[in-house]
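**Student:** Just one file: upload15.txt, with compact mmCIF, C-alpha atoms.
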```txt
# COMPACT_ATOMS: atom_id res chain seq x y z
CA MET A 1 -26.87 13.38 16.76
CA SER A 2 -24.05 11.43 15.17
CA HIS A 3 -24.78 9.40 12.05
CA HIS A 4 -22.40 6.52 12.11
CA HIS A 5 -22.50 3.81 9.48
CA HIS A 6 -20.82 1.27 11.75
CA ASP A 7 -22.55 -0.96 14.27
CA ASP A 8 -23.00 1.05 17.44
CA HIS A 9 -23.06 -1.87 19.81
CA ASP A 10 -19.99 -3.28 21.50
CA GLU A 11 -19.63 -6.81 22.76
CA THR A 12 -21.65 -6.24 25.92
CA GLY A 13 -24.63 -4.85 23.99
CA ILE A 14 -24.31 -1.36 25.45
CA SER A 15 -24.66 1.16 22.64
CA ARG A 16 -21.54 3.22 22.10
CA ARG A 17 -23.56 6.39 22.19
CA HIS A 18 -25.04 5.47 25.57
CA ALA A 19 -21.62 4.62 26.97
CA LEU A 20 -20.30 7.89 25.55
CA GLU A 21 -23.06 9.86 27.22
CA CYS A 22 -22.50 8.13 30.56
CA MET A 23 -18.80 8.78 30.39
CA LEU A 24 -19.33 12.39 29.46
CA TRP A 25 -21.45 13.01 32.55
CA ALA A 26 -19.00 11.14 34.78
CA GLY A 27 -16.19 13.23 33.37
CA THR A 28 -14.05 10.17 32.82
CA GLY A 29 -13.81 10.65 29.08
CA VAL A 30 -13.60 8.04 26.41
CA LEU A 31 -10.82 5.57 25.91
CA TRP A 32 -11.26 4.13 22.49
CA THR A 33 -9.50 3.38 19.30
CA LEU A 34 -10.51 2.09 15.94
CA ALA A 35 -9.46 -1.32 14.77
CA GLY A 36 -10.51 -2.12 11.24
CA GLY A 37 -12.56 1.06 11.15
CA VAL A 38 -14.90 0.00 13.98
CA PRO A 39 -14.74 1.96 17.23
CA VAL A 40 -13.86 -0.29 20.16
CA SER A 41 -12.93 0.83 23.64
CA LEU A 42 -9.29 0.12 24.41
CA ASN A 43 -9.96 -2.05 27.45
CA MET A 44 -12.19 -4.26 25.30
CA LEU A 45 -9.27 -4.87 22.92
CA GLY A 46 -6.97 -6.12 25.63
CA GLU A 47 -3.65 -4.55 26.45
CA ALA A 48 -1.51 -6.52 24.01
CA GLN A 49 -3.73 -5.75 21.07
CA ALA A 50 -3.96 -2.14 22.14
CA ALA A 51 -0.18 -1.89 22.24
CA GLU A 52 0.02 -3.35 18.77
CA ALA A 53 -2.65 -1.07 17.44
CA LEU A 54 -0.53 1.87 18.52
CA SER A 55 2.86 0.51 17.50
CA SER A 56 2.77 1.78 13.94
CA GLY A 57 2.38 5.45 13.08
CA PHE A 58 3.04 8.11 15.67
CA THR A 59 1.45 9.72 18.68
CA PHE A 60 1.22 13.26 19.90
CA LEU A 61 0.00 14.69 23.18
CA GLN A 62 -2.61 17.32 23.79
CA ILE A 63 -2.28 19.34 26.98
CA SER A 64 -4.48 22.29 27.79
CA ASP A 65 -5.45 25.04 30.20
CA SER A 66 -2.34 25.01 32.38
CA HIS A 67 -3.33 28.47 33.77
CA ILE A 68 0.10 29.14 35.24
CA GLY A 69 -0.45 31.86 37.85
CA PHE A 70 -3.74 30.46 39.14
CA ASP A 71 -3.56 29.95 42.89
CA LYS A 72 -7.11 29.90 44.21
CA ALA A 73 -8.94 27.22 46.19
CA ALA A 74 -9.60 24.90 43.26
CA ASN A 75 -5.82 24.33 42.98
CA PRO A 76 -3.30 26.55 44.76
CA HIS A 77 -0.48 24.76 42.94
CA ALA A 78 -1.12 24.96 39.20
CA SER A 79 2.62 24.89 38.51
CA ASP A 80 2.98 21.64 40.42
CA THR A 81 0.17 19.88 38.62
CA LEU A 82 1.61 20.99 35.28
CA LYS A 83 4.96 19.54 36.35
CA GLU A 84 3.19 16.29 37.23
CA ALA A 85 1.54 16.26 33.81
CA MET A 86 4.90 16.73 32.08
CA ALA A 87 6.50 14.02 34.23
CA LYS A 88 3.70 11.69 33.24
CA ILE A 89 4.33 12.43 29.57
CA GLN A 90 8.04 11.86 29.96
CA ALA A 91 7.35 8.51 31.59
CA LEU A 92 5.26 7.22 28.68
CA ALA A 93 6.57 4.02 27.14
CA GLN A 94 5.65 5.36 23.69
CA LYS A 95 7.10 8.87 23.49
CA PRO A 96 4.96 11.40 21.66
CA SER A 97 6.43 13.00 18.57
CA PHE A 98 5.34 16.44 19.81
CA LEU A 99 2.86 18.23 22.03
CA ILE A 100 -0.07 20.45 21.21
CA HIS A 101 -1.17 22.98 23.84
CA THR A 102 -4.73 24.17 23.25
CA GLY A 103 -4.35 27.39 25.17
CA ASP A 104 -4.74 29.24 28.47
CA ILE A 105 -1.07 28.51 29.01
CA THR A 106 -1.07 31.32 31.60
CA HIS A 107 -3.72 32.71 33.85
CA LEU A 108 -3.14 36.43 33.30
CA SER A 109 -0.64 36.75 30.41
CA LYS A 110 2.08 37.93 32.79
CA ALA A 111 5.69 37.62 31.71
CA GLU A 112 6.68 35.50 34.69
CA GLN A 113 3.74 33.18 34.03
CA PHE A 114 4.75 32.67 30.39
CA ASP A 115 8.34 32.12 31.52
CA ASN A 116 7.33 29.62 34.18
CA ALA A 117 5.12 27.69 31.78
CA ALA A 118 7.84 27.63 29.12
CA GLN A 119 10.31 26.32 31.65
CA ILE A 120 8.03 23.51 32.80
CA ILE A 121 6.72 22.49 29.39
CA GLY A 122 9.81 23.26 27.34
CA GLY A 123 12.03 21.57 29.88
CA ALA A 124 10.65 18.18 28.85
CA GLY A 125 12.41 18.48 25.52
CA PHE A 126 9.48 18.03 23.15
CA ASP A 127 8.42 20.23 20.27
CA VAL A 128 5.28 22.05 21.35
CA HIS A 129 2.68 23.65 19.07
CA TYR A 130 0.61 26.26 20.87
CA VAL A 131 -2.58 28.17 20.28
CA PRO A 132 -3.59 30.89 22.74
CA GLY A 133 -6.57 30.90 25.06
CA GLU A 134 -8.32 34.10 26.11
CA HIS A 135 -6.22 34.17 29.30
CA ASP A 136 -3.08 34.41 27.17
CA LEU A 137 -4.08 37.63 25.42
CA VAL A 138 -4.89 40.01 28.31
CA ASP A 139 -1.49 41.68 28.55
CA GLU A 140 -1.30 45.46 28.19
CA ALA A 141 0.02 44.99 24.66
CA ASN A 142 -3.13 43.13 23.61
CA GLY A 143 -1.70 39.77 22.72
CA MET A 144 1.89 40.72 21.92
CA ALA A 145 3.14 38.89 25.02
CA TYR A 146 1.89 35.63 23.50
CA LEU A 147 3.02 36.44 19.96
CA ASP A 148 6.49 37.45 21.10
CA ARG A 149 6.94 33.94 22.41
CA TYR A 150 4.82 31.78 20.12
CA GLY A 151 3.95 33.93 17.11
CA LYS A 152 6.83 32.87 14.86
CA ASN A 153 5.54 31.59 11.51
CA THR A 154 1.95 32.33 12.46
CA LYS A 155 -0.57 34.80 11.11
CA GLY A 156 -2.95 37.20 12.80
CA ALA A 157 -3.32 36.39 16.49
CA GLY A 158 -1.33 33.19 16.07
CA TYR A 159 -2.94 30.78 13.57
CA TYR A 160 -0.91 28.45 11.35
CA SER A 161 -0.65 24.98 9.88
CA PHE A 162 2.00 22.31 9.58
CA ASP A 163 2.35 18.80 8.22
CA GLN A 164 3.77 15.84 10.05
CA GLN A 165 4.11 12.33 8.69
CA GLY A 166 1.18 12.60 6.33
CA VAL A 167 -1.17 14.45 8.67
CA HIS A 168 -2.15 18.09 8.18
CA PHE A 169 -2.37 20.09 11.43
CA VAL A 170 -4.11 23.45 11.71
CA GLY A 171 -3.91 25.70 14.77
CA LEU A 172 -6.74 28.24 14.92
CA VAL A 173 -7.31 31.20 17.24
CA ASN A 174 -10.91 31.77 18.30
CA VAL A 175 -10.37 33.94 21.37
CA VAL A 176 -9.88 37.37 19.80
CA ASN A 177 -12.46 40.09 18.97
CA LEU A 178 -15.05 38.46 21.17
CA LYS A 179 -18.40 40.22 20.90
CA ALA A 180 -20.83 40.98 23.69
CA GLY A 181 -23.08 37.99 24.23
CA GLY A 182 -21.07 36.00 21.75
CA LEU A 183 -19.07 32.81 21.82
CA GLY A 184 -15.63 32.13 20.41
CA ASN A 185 -14.86 33.83 17.12
CA LEU A 186 -12.51 33.08 14.23
CA GLY A 187 -13.20 36.05 11.92
CA ALA A 188 -13.33 36.43 8.17
CA GLU A 189 -9.60 36.85 7.66
CA GLN A 190 -8.70 33.62 9.43
CA LEU A 191 -11.48 31.71 7.66
CA ALA A 192 -10.26 32.95 4.29
CA TRP A 193 -6.75 31.87 5.20
CA LEU A 194 -8.03 28.43 6.23
CA ALA A 195 -9.94 27.93 2.99
CA ASP A 196 -6.78 28.74 1.08
CA ASP A 197 -4.61 26.59 3.34
CA LEU A 198 -6.79 23.52 2.84
CA LYS A 199 -6.84 23.81 -0.98
CA ALA A 200 -3.69 21.79 -1.47
CA ILE A 201 -4.67 19.04 0.97
CA SER A 202 -6.14 15.87 -0.52
CA ASP A 203 -9.42 14.44 0.83
CA SER A 204 -7.63 11.37 2.15
CA THR A 205 -5.12 13.29 4.26
CA PRO A 206 -6.05 13.11 7.94
CA VAL A 207 -6.63 16.65 9.22
CA VAL A 208 -6.24 17.70 12.84
CA VAL A 209 -7.61 21.12 13.80
CA PHE A 210 -6.83 22.53 17.22
CA ALA A 211 -8.20 25.69 18.86
CA HIS A 212 -8.88 26.82 22.41
CA ILE A 213 -12.65 27.21 22.56
CA PRO A 214 -14.72 24.28 21.27
CA LEU A 215 -15.58 24.70 17.62
CA TRP A 216 -18.98 23.15 18.20
CA ALA A 217 -21.76 24.28 20.52
CA VAL A 218 -21.03 22.47 23.76
CA TYR A 219 -23.02 24.83 26.00
CA GLU A 220 -23.83 28.26 24.67
CA GLN A 221 -25.14 29.67 27.95
CA TRP A 222 -21.58 29.51 29.25
CA GLY A 223 -19.99 30.71 26.04
CA TRP A 224 -18.78 27.20 25.17
CA GLY A 225 -18.90 27.33 21.39
CA THR A 226 -17.66 29.30 18.37
CA ASP A 227 -19.95 31.71 16.51
CA ASP A 228 -18.46 30.96 13.08
CA GLY A 229 -17.29 27.42 13.83
CA ALA A 230 -19.81 25.97 11.38
CA GLN A 231 -17.86 27.54 8.51
CA VAL A 232 -14.80 25.54 9.51
CA LEU A 233 -16.82 22.34 9.65
CA ALA A 234 -18.19 23.05 6.17
CA MET A 235 -14.64 23.40 4.82
CA LEU A 236 -13.67 20.11 6.47
CA LYS A 237 -16.59 18.11 5.09
CA ARG A 238 -14.70 16.65 2.16
CA PHE A 239 -11.92 15.09 4.25
CA GLY A 240 -12.06 11.41 5.16
CA SER A 241 -10.60 11.88 8.63
CA VAL A 242 -10.97 15.02 10.72
CA THR A 243 -10.05 15.38 14.38
CA ILE A 244 -10.88 18.58 16.23
CA LEU A 245 -9.05 19.14 19.51
CA ASN A 246 -10.14 21.89 21.89
CA GLY A 247 -9.75 22.97 25.51
CA HIS A 248 -11.33 25.83 27.47
CA ILE A 249 -13.99 23.81 29.29
CA HIS A 250 -11.61 21.87 31.57
CA GLN A 251 -13.34 18.55 31.08
CA ILE A 252 -13.67 15.92 28.42
CA MET A 253 -16.42 16.16 25.89
CA GLN A 254 -16.28 14.03 22.82
CA LYS A 255 -18.51 13.28 19.90
CA VAL A 256 -18.30 11.82 16.44
CA GLU A 257 -20.23 13.10 13.45
CA GLY A 258 -19.54 11.27 10.25
CA ASN A 259 -15.81 11.57 9.59
CA VAL A 260 -15.27 14.20 12.27
CA THR A 261 -14.19 13.46 15.84
CA PHE A 262 -14.50 16.31 18.33
CA HIS A 263 -12.57 16.13 21.59
CA THR A 264 -11.97 18.56 24.45
CA ALA A 265 -9.20 17.92 26.96
CA ARG A 266 -9.00 18.21 30.71
CA SER A 267 -7.03 21.06 32.24
CA THR A 268 -3.79 20.49 34.11
CA ALA A 269 -4.80 23.24 36.58
CA PHE A 270 -8.41 22.98 37.76
CA PRO A 271 -11.69 21.35 36.77
CA GLN A 272 -14.88 23.17 35.79
CA PRO A 273 -18.42 21.94 36.32
CA VAL A 274 -20.37 19.85 33.87
CA PRO A 275 -22.86 22.08 32.00
CA GLY A 276 -26.07 22.66 33.90
CA THR A 277 -24.72 21.38 37.22
CA ALA A 278 -23.57 24.75 38.58
CA PRO A 279 -24.66 28.39 38.31
CA SER A 280 -21.49 29.39 36.46
CA PRO A 281 -18.51 27.79 34.69
CA GLY A 282 -15.77 28.88 37.10
CA PRO A 283 -13.09 26.83 38.86
CA MET A 284 -14.63 23.90 40.71
CA THR A 285 -13.23 23.05 44.12
CA VAL A 286 -13.28 19.35 44.96
CA PRO A 287 -12.06 17.39 48.00
CA PRO A 288 -8.21 17.29 47.98
CA GLY A 289 -7.93 13.63 47.06
CA GLU A 290 -10.23 14.08 44.07
CA LEU A 291 -8.46 16.91 42.22
CA ARG A 292 -5.99 14.82 40.26
CA LYS A 293 -8.72 12.54 38.94
CA LEU A 294 -10.13 15.58 37.15
CA LEU A 295 -6.88 16.89 35.65
CA GLY A 296 -5.00 15.18 32.86
CA VAL A 297 -3.49 14.95 29.40
CA THR A 298 -4.57 13.37 26.10
CA SER A 299 -2.65 11.06 23.84
CA VAL A 300 -3.60 10.93 20.16
CA ALA A 301 -2.32 8.11 18.01
CA VAL A 302 -2.07 8.16 14.23
CA GLN A 303 -1.98 4.61 12.94
CA GLN A 304 -0.63 3.69 9.52
CA GLY A 305 -3.42 2.47 7.31
CA LYS A 306 -6.14 3.67 9.63
CA SER A 307 -7.81 6.98 8.85
CA GLU A 308 -9.28 7.59 12.30
CA LEU A 309 -7.00 8.73 15.11
CA ALA A 310 -7.11 7.01 18.48
CA ILE A 311 -7.68 9.37 21.39
CA ILE A 312 -6.72 8.30 24.91
CA ASP A 313 -7.33 10.52 27.92
CA SER A 314 -5.51 9.91 31.17
CA THR A 315 -5.66 11.69 34.50
CA LEU A 316 -2.95 12.84 36.87
CA ALA A 317 -4.26 10.26 39.34
CA GLY A 318 -2.66 7.54 37.28
CA ALA A 319 -5.71 6.12 35.52
CA MET B 1 -12.15 60.15 52.18
CA HIS B 2 -13.19 61.91 55.38
CA VAL B 3 -11.79 61.01 58.77
CA PHE B 4 -14.54 60.18 61.25
CA ARG B 5 -14.07 60.32 64.99
CA PHE B 6 -17.41 58.63 65.69
CA ALA B 7 -17.80 54.95 66.43
CA GLY B 8 -17.24 52.98 63.23
CA PRO B 9 -20.30 50.73 63.37
CA ILE B 10 -22.72 53.65 63.51
CA PHE B 11 -21.33 55.25 60.39
CA ALA B 12 -21.08 51.90 58.62
CA GLY B 13 -24.72 51.30 59.43
CA LEU B 14 -25.64 54.65 57.89
CA LEU B 15 -23.68 53.83 54.75
CA LEU B 16 -25.28 50.43 54.37
CA ALA B 17 -28.74 51.82 54.93
CA ALA B 18 -28.49 54.48 52.27
CA PRO B 19 -26.90 53.08 49.10
CA ALA B 20 -28.85 55.51 46.94
CA PHE B 21 -26.70 58.30 48.30
CA ALA B 22 -23.37 56.53 47.70
CA GLU B 23 -21.13 58.77 45.60
CA GLU B 24 -19.24 55.82 44.17
CA PRO B 25 -21.65 53.08 43.11
CA GLN B 26 -20.20 49.63 42.76
CA VAL B 27 -20.76 46.81 40.33
CA LYS B 28 -19.72 43.50 41.84
CA ILE B 29 -18.52 40.76 39.56
CA SER B 30 -19.16 37.29 40.92
CA ASN B 31 -20.43 33.97 39.65
CA PHE B 32 -19.79 35.17 36.11
CA ALA B 33 -22.32 37.98 36.48
CA PHE B 34 -22.32 41.75 36.93
CA THR B 35 -24.42 42.85 39.91
CA PRO B 36 -26.38 45.03 39.52
CA GLN B 37 -26.66 44.10 35.88
CA ASN B 38 -28.31 47.41 35.08
CA LEU B 39 -27.22 50.53 36.94
CA THR B 40 -28.39 54.09 36.50
CA VAL B 41 -26.13 56.96 37.50
CA LYS B 42 -25.93 60.72 37.08
CA PRO B 43 -23.39 62.19 34.66
CA GLY B 44 -20.04 62.66 36.33
CA THR B 45 -20.44 59.59 38.54
CA THR B 46 -17.53 57.23 39.00
CA VAL B 47 -18.57 53.58 38.92
CA THR B 48 -16.26 51.02 40.50
CA PHE B 49 -16.24 47.43 39.26
CA GLU B 50 -14.87 44.91 41.73
CA ASN B 51 -14.06 41.29 40.86
CA ASP B 52 -15.13 38.90 43.60
CA ASP B 53 -14.82 35.80 41.43
CA ASP B 54 -11.93 33.40 41.66
CA ILE B 55 -11.30 33.83 37.94
CA PRO B 56 -10.23 37.05 36.15
CA HIS B 57 -12.72 39.22 34.30
CA LEU B 58 -12.34 42.18 31.99
CA VAL B 59 -14.85 45.03 31.62
CA VAL B 60 -15.28 46.18 28.01
CA ALA B 61 -17.73 48.78 26.71
CA THR B 62 -19.54 47.55 23.60
CA ASP B 63 -19.03 50.96 22.00
CA GLY B 64 -15.36 50.94 22.96
CA SER B 65 -15.63 53.88 25.33
CA PHE B 66 -14.03 52.09 28.27
CA ARG B 67 -11.99 48.98 28.93
CA SER B 68 -10.38 47.67 32.08
CA LYS B 69 -7.20 45.71 32.45
CA ALA B 70 -7.60 42.04 33.35
CA LEU B 71 -9.05 42.09 36.88
CA ASP B 72 -7.93 39.27 39.13
CA THR B 73 -9.80 38.41 42.33
CA GLY B 74 -10.10 41.54 44.46
CA ASP B 75 -9.00 43.93 41.70
CA LYS B 76 -11.07 47.04 41.01
CA TYR B 77 -11.66 49.21 37.98
CA ALA B 78 -13.15 52.69 38.19
CA PHE B 79 -14.56 54.70 35.31
CA THR B 80 -16.18 58.12 35.40
CA PHE B 81 -19.25 58.39 33.21
CA SER B 82 -19.36 62.00 32.05
CA LYS B 83 -21.64 61.66 29.02
CA PRO B 84 -25.32 60.75 29.24
CA GLY B 85 -26.51 57.65 27.41
CA ASP B 86 -26.73 53.87 27.60
CA PHE B 87 -23.43 52.07 27.95
CA ALA B 88 -23.70 48.35 27.38
CA TYR B 89 -20.61 46.39 28.39
CA PHE B 90 -19.46 42.78 28.61
CA CYS B 91 -16.60 40.69 29.92
CA GLY B 92 -13.77 40.49 27.41
CA LEU B 93 -12.84 37.01 28.64
CA HIS B 94 -16.36 35.64 29.01
CA PRO B 95 -18.50 37.62 26.55
CA HIS B 96 -21.73 35.96 27.60
CA MET B 97 -21.49 38.15 30.75
CA GLN B 98 -23.20 41.44 30.03
CA GLY B 99 -24.36 44.57 31.85
CA LYS B 100 -25.40 48.15 31.27
CA ILE B 101 -24.77 51.55 32.81
CA THR B 102 -27.40 54.14 32.04
CA VAL B 103 -26.21 57.69 32.51
CA GLY B 104 -28.90 60.31 32.86
CA PRO B 105 -30.16 63.19 34.99
```
Starting from the file, give its structure as structure tokens.
**Tutor:**
Amino acid sequence: MSHHHHDDHDETGISRRHALECMLWAGTGVLWTLAGGVPVSLNMLGEAQAAEALSSGFTFLQISDSHIGFDKAANPHASDTLKEAMAKIQALAQKPSFLIHTGDITHLSKAEQFDNAAQIIGGAGFDVHYVPGEHDLVDEANGMAYLDRYGKNTKGAGYYSFDQQGVHFVGLVNVVNLKAGGLGNLGAEQLAWLADDLKAISDSTPVVVFAHIPLWAVYEQWGWGTDDGAQVLAMLKRFGSVTILNGHIHQIMQKVEGNVTFHTARSTAFPQPVPGTAPSPGPMTVPPGELRKLLGVTSVAVQQGKSELAIIDSTLAGA
Amino acid sequence: MHVFRFAGPIFAGLLLAAPAFAEEPQVKISNFAFTPQNLTVKPGTTVTFENDDDIPHLVVATDGSFRSKALDTGDKYAFTFSKPGDFAYFCGLHPHMQGKITVGP
């Protein structure tokens, strides 16, 4: 359970945790930012204040699970919905500084799928920082298809870090060397690299970690977690602001524990069921008019003078 | 495969009624599970894995002795088990999916 030293109740008296839980089960995600260090949902702030809260600093976009090549019942047109997602990003009044893609760019690591995805995403003209999902590493060359395209300046299966405007970003790969019965896995070599990478970063630098599979145990029965994720969290304990962005589960899950915000993004291709509501985690077919309400992108705002990042999820249906 | 001149349904009925005599046992992959999860075969048997899910799966032996390509919906992977023993395997994309082939006389 999260231990938050701020007042959990918003103006209507509904506890934030309760609202969070309700939103998680509805799949609508959480729209909130922090003003003065206190979490407040954006629609409570009012649009003008919200705009102001985001006017200083910079924003970046998280997209995830585009699964280019997927064409089954849940969404026969994964390329189209990705195009819609990119059009939505291009139409934003506040342009993001860059994009982060948390993996499963393609559905089967095929060359034409990588090419198609690169054309759609790259065509929008933004810098994009990728990490692979397990679907991106099933080529005959065991992950070289991904590395050939996105491995520059990365280590191992594609992990790396970069700094942008005072924020330290780390892209991790937890979809390689998966063990029978296991969850996601980072491995000793990557963890050692991470420990070394973080040495030079001061406690007050906001840190954003992104990886495909959730770093925390969302639902182990479906493999939704990372076996050695706890070691990453231990390394991040000293930082005043940590944001962990993941994908893989094709729905929004979010929680806050102390200084750490965890967030998973929707897919741009197809939704998956909420844990425990279906026998397995596969693509979930919904009535045609409902699909776009369950696909979307995530905007993350870094505000000057505020240590917490504001995370805003939006769907392809316009909300 | 033999060519049969008899009416199709009769032969199909015989096949369905006698799976124990099938020379090529099948493991179906659907709903993120291998069915049957445990299968016993004689040495020299070829087992065929078929993916009926609408998501790809990948068959990987825990001891590394066999590994399929990524299997999309409808794709099959066949492996001949020559050596006796227990062969645990899992899905390389969804490792919580597990099964076992036991090879013995």
**Student:** Asp228 in chain A: which residues within 8 Å, counting only C-alpha atoms, same-chain residues fewer than 4 positions away excluded, as a PDB file with C-alpha atoms, in the coordinates of the input?
**Tutor:**
```
ATOM      1  CA  GLY A 184     -15.630  32.130  20.410  1.00  0.00           C
ATOM      2  CA  ASN A 185     -14.860  33.830  17.120  1.00  0.00           C
ATOM      3  CA  LEU A 186     -12.510  33.080  14.230  1.00  0.00           C
ATOM      4  CA  GLY A 187     -13.200  36.050  11.920  1.00  0.00           C
ATOM      5  CA  VAL A 232     -14.800  25.540   9.510  1.00  0.00           C
TER       6      VAL A 232
END
```
**Student:** How far is it from CA of Ser65 in chain B to CA of Phe87 in chain B, in Å with one decimal?
**Tutor:**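 Separating CA of Ser65 in chain B from CA of Phe87 in chain B is a distance of 8.4 Å.
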**Student:** Just the number, please: distance in Å from CA of Val274 in chain A to CA of Leu294 in chain A, one decimal.
**Tutor:**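 Computing the Euclidean distance for CA of Val274 in chain A and CA of Leu294 in chain A yields 11.6 Å.
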**Student:** Counting all atoms listed in the file, collect the residues of chain A whose closest atom lies at most 9 Å from chain B, and write them out as a list in words.
**Tutor:**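 Listing them in order of chain and number gives Phe70, Lys72, Ala73, Ala74, His107, Leu108, Glu134, His135, Val138, Asp139, Glu140, Val175, Asn177, Leu178, Lys179, Ala180, Gly181, Gly182, Leu183, Gly184, Glu220, Gln221, Trp222, Gly223, Pro279, Ser280, Pro281, Gly282 and Pro283 of chain A.
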**Student:** What separation in Å, quoted to one decimal, exists between CA of Gln164 in chain A and CA of Val209 in chain A?
**Tutor:** 13.1 Å
**Student:** Given the choices A:Ala230, A:Leu215, A:Leu236, A:Ala118, which gets closest to Leu198 in chain A if the distance is worked out from only C-alpha atoms?
**Tutor:**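 Smallest distance to Leu198 in chain A is found for A:Leu236.
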**Student:** I'd like the contact shell of range 302-308 of chain A - 6 Å cut-off, only C-alpha atoms, skipping same-chain residues fewer than 4 positions apart - returned as a ChimeraX atom specification.
**Tutor:** /A:56-59,241
**Student:** Determine the axis-aligned bounding box of all atoms of range 142-154 of chain A present in the file, pad each side by 8 Å, and express its centre and edge lengths in Å to one decimal place as JSON.
**Tutor:**
```
{"center_x": 1.9, "center_y": 37.4, "center_z": 18.3, "size_x": 26.1, "size_y": 27.5, "size_z": 29.5}
```
**Student:** Do a neighbour search on Ser299 in chain A at 8 Å with all atoms listed in the file, toss out local chain neighbours closer than 3 positions, and write the hits as a PDB file with C-alpha atoms, keeping the file's coordinate frame.
**Tutor:**
```pdb
ATOM      1  CA  THR A  59       1.450   9.720  18.680  1.00  0.00           C
ATOM      2  CA  PHE A  60       1.220  13.260  19.900  1.00  0.00           C
ATOM      3  CA  LEU A  61       0.000  14.690  23.180  1.00  0.00           C
ATOM      4  CA  GLN A  62      -2.610  17.320  23.790  1.00  0.00           C
ATOM      5  CA  PRO A  96       4.960  11.400  21.660  1.00  0.00           C
ATOM      6  CA  ILE A 311      -7.680   9.370  21.390  1.00  0.00           C
ATOM      7  CA  ILE A 312      -6.720   8.300  24.910  1.00  0.00           C
ATOM      8  CA  ASP A 313      -7.330  10.520  27.920  1.00  0.00           C
ATOM      9  CA  SER A 314      -5.510   9.910  31.170  1.00  0.00           C
TER      10      SER A 314
END
```
**Student:** Can I get range 48-63 of chain B with N, CA and C atoms filled in, as a short mmCIF file (atom, residue, chain, number, x, y, z; two decimals), in the coordinates of the input?
**Tutor:**
```cif
data_model
loop_
_atom_site.label_atom_id
_atom_site.label_comp_id
_atom_site.auth_asym_id
_atom_site.auth_seq_id
_atom_site.Cartn_x
_atom_site.Cartn_y
_atom_site.Cartn_z
N THR B 48 -17.37 51.94 40.22
CA THR B 48 -16.26 51.02 40.50
C THR B 48 -16.71 49.59 40.30
N PHE B 49 -16.00 48.86 39.46
CA PHE B 49 -16.24 47.43 39.26
C PHE B 49 -15.26 46.67 40.15
N GLU B 50 -15.77 45.71 40.89
CA GLU B 50 -14.87 44.91 41.73
C GLU B 50 -15.06 43.42 41.44
N ASN B 51 -13.97 42.72 41.19
CA ASN B 51 -14.06 41.29 40.86
C ASN B 51 -13.98 40.44 42.11
N ASP B 52 -15.09 39.80 42.45
CA ASP B 52 -15.13 38.90 43.60
C ASP B 52 -15.04 37.44 43.19
N ASP B 53 -14.90 37.18 41.91
CA ASP B 53 -14.82 35.80 41.43
C ASP B 53 -13.42 35.27 41.60
N ASP B 54 -13.28 33.95 41.59
CA ASP B 54 -11.93 33.40 41.66
C ASP B 54 -11.36 33.13 40.28
N ILE B 55 -11.82 33.89 39.31
CA ILE B 55 -11.30 33.83 37.94
C ILE B 55 -11.25 35.28 37.45
N PRO B 56 -10.29 35.66 36.61
CA PRO B 56 -10.23 37.05 36.15
C PRO B 56 -11.40 37.42 35.24
N HIS B 57 -11.73 38.68 35.24
CA HIS B 57 -12.72 39.22 34.30
C HIS B 57 -12.19 40.52 33.75
N LEU B 58 -12.84 41.02 32.72
CA LEU B 58 -12.34 42.18 31.99
C LEU B 58 -13.56 42.97 31.54
N VAL B 59 -13.67 44.23 31.94
CA VAL B 59 -14.85 45.03 31.62
C VAL B 59 -14.61 45.79 30.32
N VAL B 60 -15.45 45.55 29.33
CA VAL B 60 -15.28 46.18 28.01
C VAL B 60 -16.58 46.83 27.57
N ALA B 61 -16.54 48.11 27.24
CA ALA B 61 -17.73 48.78 26.71
C ALA B 61 -17.97 48.30 25.29
N THR B 62 -19.21 48.01 24.96
CA THR B 62 -19.54 47.55 23.60
C THR B 62 -19.21 48.61 22.57
N ASP B 63 -19.35 49.89 22.95
CA ASP B 63 -19.03 50.96 22.00
C ASP B 63 -17.56 51.38 22.09
#
```
